[in-house]
Amino acid sequence: MSNLRDKGSNSKNIAAKREIITNGFKFQAFKETIIEYFQESTINGLKYIIKENQPALDRIIWLLAVIISISMRLILIGNLMEERTNNPIIVAFNEKVTSVSEIPFPSVTICPETKTRTDIFNYTNAYKKISNFEKLTEDEVYFWNAVSQICEPSFFKLNGESYLANASDLIKAMSKVAPIIFDNFEDCKWRNKFYYCRILWNDVVTDEGICFSFNSLKSEYYRTELYKARKIDLMGFDLDNVVDVDWNLENGYKKDSKSWVFPNRVMGAGDRESLIVSFLDKKVDQQPLCRNSVGGFKVILHTPGEDPQVSKNFIQLPLDQSVTLTIRPNIMSSRDLRHYSLERRQCYYQNERYLRYFKVYTQANCELEWLANATLSKCGCVKFSTPRNLSHPVCGYESLKCLELVINESPKLKFKHAKDPNNYCLPTCISIEYKTELEHQVPITYAQTMGSYATTGYLNMVNNFSSYRITKLKLKFQDDTFNCLKRTELYSLSDFIANCGGLLGLFMGVSILSLVELVYFFTLRLWTNLKKRRKIQEENTTKY
């Protein structure tokens with residue numbers, strides 16, 4: 001029995017010694033590979049750590065130097081990676097200048113401060129009746145409900161019972177009472193040619209009521225739901241473009257496009273490539289109670305395909321003045337950033353965000369849809385100027401307080417969803433903005449304008465011109481070319497590799513071959529050392 005125990009004990013000891021030998025030779029092979037790597041590596045400083053007959057103090061100094069270099073390298077490369085991850089996009093000037101012929105002339109929307117024709121509806125008289133608790137006629141109720149939507153909010157808060165009902169055809173009423181285009185636009189000149197104004201300008205629904213727009217894409221950017229609603233709102237006015245659209249926001253004009261295309265463009269700067277329009281305002285139609293004694297016209301320049309939000313960003317044109325504005329386009333391109341996530345580049349390409357009512361995505365169109373959804377949810381109706389379909393009711397006089405509350409709260413709600421791209425209207429990755437500068441402004445009278453155009457035949461002569469006030473606007477580009485901006489990668493992959501390589505070379509003298517060495521020594525060289533040590537192991541294990 002004791003012999004059996006001794007044999008079992010010897011077997012265990014032999015197995016233990018074999019395991020020790022095996023593990024020992026594996027360690028020896030790995031140690032030998034490290035020493036050989038330190039001796040042969042092109043990385044600076046490593047060979048001094050294990051050099052024979054090297055004083056201990058020298059070894060410690062070189063070891064600390066290598067550790068510090070590696071630490072600095074890791075910190076700086078970590079900073080590069082963090083910057084590339086958190087701030088991957090920068091805005092810079094494009095290397096080449098862009099010609100104004102490569103972009104469309106801006107869409108121009110003009111809204112008169114005069115909102116009613118007094119021969120149809122006198123807002124001041126209706127206001128006085130309501131203030132004196134007098135009953136309005138059926139027609140006055142019909143038009144009051146419409147006009148009160150676009151007058152100053154301070155005059156909405158009237159004493160007495162709010163008995164005015166919501167009108168389903170509010171925009172129709174607004175259209176009927178609005179100034180007629182022929183009363184406002186006296187002559188139109190585009191690229192040094194006179195035109196019948198109705199050819200160049202079309203009616204458009206904005207937050208300022210019925211306005212007039214030049215170079216708008218009309219039906220090209222409306223989806224079916226909104227197109228049907230706008231068709232009915234504008235009482236059947238033709239919303240279709242006369243010619244085919246030859247441009248889109250991301251790709252620009254086609255290469256074979258002619259100089260006369262739609263949307264309209266110019267071939268250069270200056271008066272001969274400008275838009276000139278004169279428009280009139282009847283003195284009798286001015287309603288101080290409605291617009292707080294502000295006269296004249298509001299003008300906004302925007303991208304074709306974008307629904308204008310006039311009250312958000314407009315230029316005030318005074319009466320009896322000739323105003324010349326120069327246009328400075330601001331273009332942002334982002335053509336090589338599609339591989340970045342939406343959260344990192346913070347902008348949309350056209351095929352990435354679907355809008356229910358618009359075919360063209362812009363930040364302004366998205367915000368209009370957002371406002372329409374918010375007012376429909378809170379008030380059960382939508383503002384007359386926001387996109388909608390025929391089933392959505394338009395808010396009437398009794399819903400104005402609710403509308404005002406939602407509009408005032410909208411900045412807070414937008415800020416709340418600012419970090420959620422799916423609920424926030426990010427800008428487009430490729431966008432065009434039209435900034436303006438005042439070149440000159442001079443007084444002008446209707447009599448002077450009549451005298452200067454009396455022989456041309458283009459001015460609609462009005463016998464009693466003393467009852468009109470005139471405003472003249474000229475729009476032209478400031479220069480033939482301009483510098484556009486572009487969103488671009490802060491560090492492309494090649495830039496990142498180059499920067500990392502520079503840091504590795506600076507702190508450790510590392511190159512691509514140094515990395516090849518590292519891989520070689522700890523793969524093929526390590527395998528060779530293990531194979532050599534395995535033979536020694538087998539020779540030693542046969543002794544047991």
# chains A, B, ... in the order shown; residues from 1 in each chain; ligands from 1
call {"tool": "residues_around", "arguments": {"residues": "Ser101 (chain A)", "least_positions_apart": "6", "cutoff": "12 Å", "atoms": "only C-alpha atoms", "output": "PyMOL selection string"}}
result
chain A and resi 252-255+257-261+263-269+273+329+477+479-482
call {"tool": "residues_around", "arguments": {"residues": "region 40-47 of chain A", "least_positions_apart": "6", "cutoff": "12 Å", "atoms": "only C-alpha atoms", "output": "VMD selection string"}}
result
chain A and resid 33 to 34 54 58 to 70 504 to 521
call {"tool": "write_last_selection", "arguments": {"atoms": "C-alpha atoms", "output": "tab-separated table (two decimals), in the first residue's frame"}}
result
chain	number	residue	atom	x	y	z
A	33	THR	CA	11.82	38.33	-27.24
A	34	ILE	CA	11.44	41.52	-25.15
A	54	GLN	CA	24.86	50.17	-18.11
A	58	ASP	CA	21.36	55.55	-16.40
A	59	ARG	CA	18.84	52.75	-16.79
A	60	ILE	CA	16.41	54.54	-14.45
A	61	ILE	CA	16.84	57.85	-16.28
A	62	TRP	CA	16.20	56.27	-19.67
A	63	LEU	CA	13.25	54.28	-18.31
A	64	LEU	CA	11.70	57.50	-16.95
A	65	ALA	CA	12.36	59.28	-20.25
A	66	VAL	CA	10.61	56.52	-22.21
A	67	ILE	CA	7.67	56.47	-19.78
A	68	ILE	CA	7.29	60.27	-19.98
A	69	SER	CA	7.47	60.20	-23.79
A	70	ILE	CA	4.86	57.45	-24.00
A	504	LEU	CA	4.97	59.42	-32.41
A	505	GLY	CA	8.00	60.60	-34.35
A	506	LEU	CA	8.49	63.63	-32.09
A	507	PHE	CA	8.38	61.79	-28.78
A	508	MET	CA	9.69	58.33	-29.68
A	509	GLY	CA	11.11	58.40	-33.19
A	510	VAL	CA	8.41	55.95	-34.28
A	511	SER	CA	7.67	55.31	-37.96
A	512	ILE	CA	5.62	52.76	-39.86
A	513	LEU	CA	8.61	50.42	-39.86
A	514	SER	CA	8.78	50.72	-36.08
A	515	LEU	CA	5.23	49.44	-35.90
A	516	VAL	CA	6.15	46.63	-38.28
A	517	GLU	CA	9.02	45.77	-35.93
A	518	LEU	CA	6.65	45.64	-32.97
A	519	VAL	CA	4.30	43.27	-34.78
A	520	TYR	CA	7.21	41.18	-36.06
A	521	PHE	CA	8.92	40.67	-32.68
call {"tool": "residues_around", "arguments": {"residues": "Thr326 (chain A)", "least_positions_apart": "6", "cutoff": "6 Å", "atoms": "only C-alpha atoms", "output": "list in words"}}
result
Thr436, Glu437, Leu475, Lys476, Phe477 and Gln478 of chain A
call {"tool": "closest_residue", "arguments": {"among": "A:Ser213, A:Ser334, A:Asn79, A:Asn192", "to": "Cys500 (chain A)", "atoms": "only C-alpha atoms"}}
result
A:Asn79
call {"tool": "select_by_dssp", "arguments": {"residues": "region 83-308 of chain A", "states": "strand (DSSP E or B)", "output": "count of residues only"}}
result
57
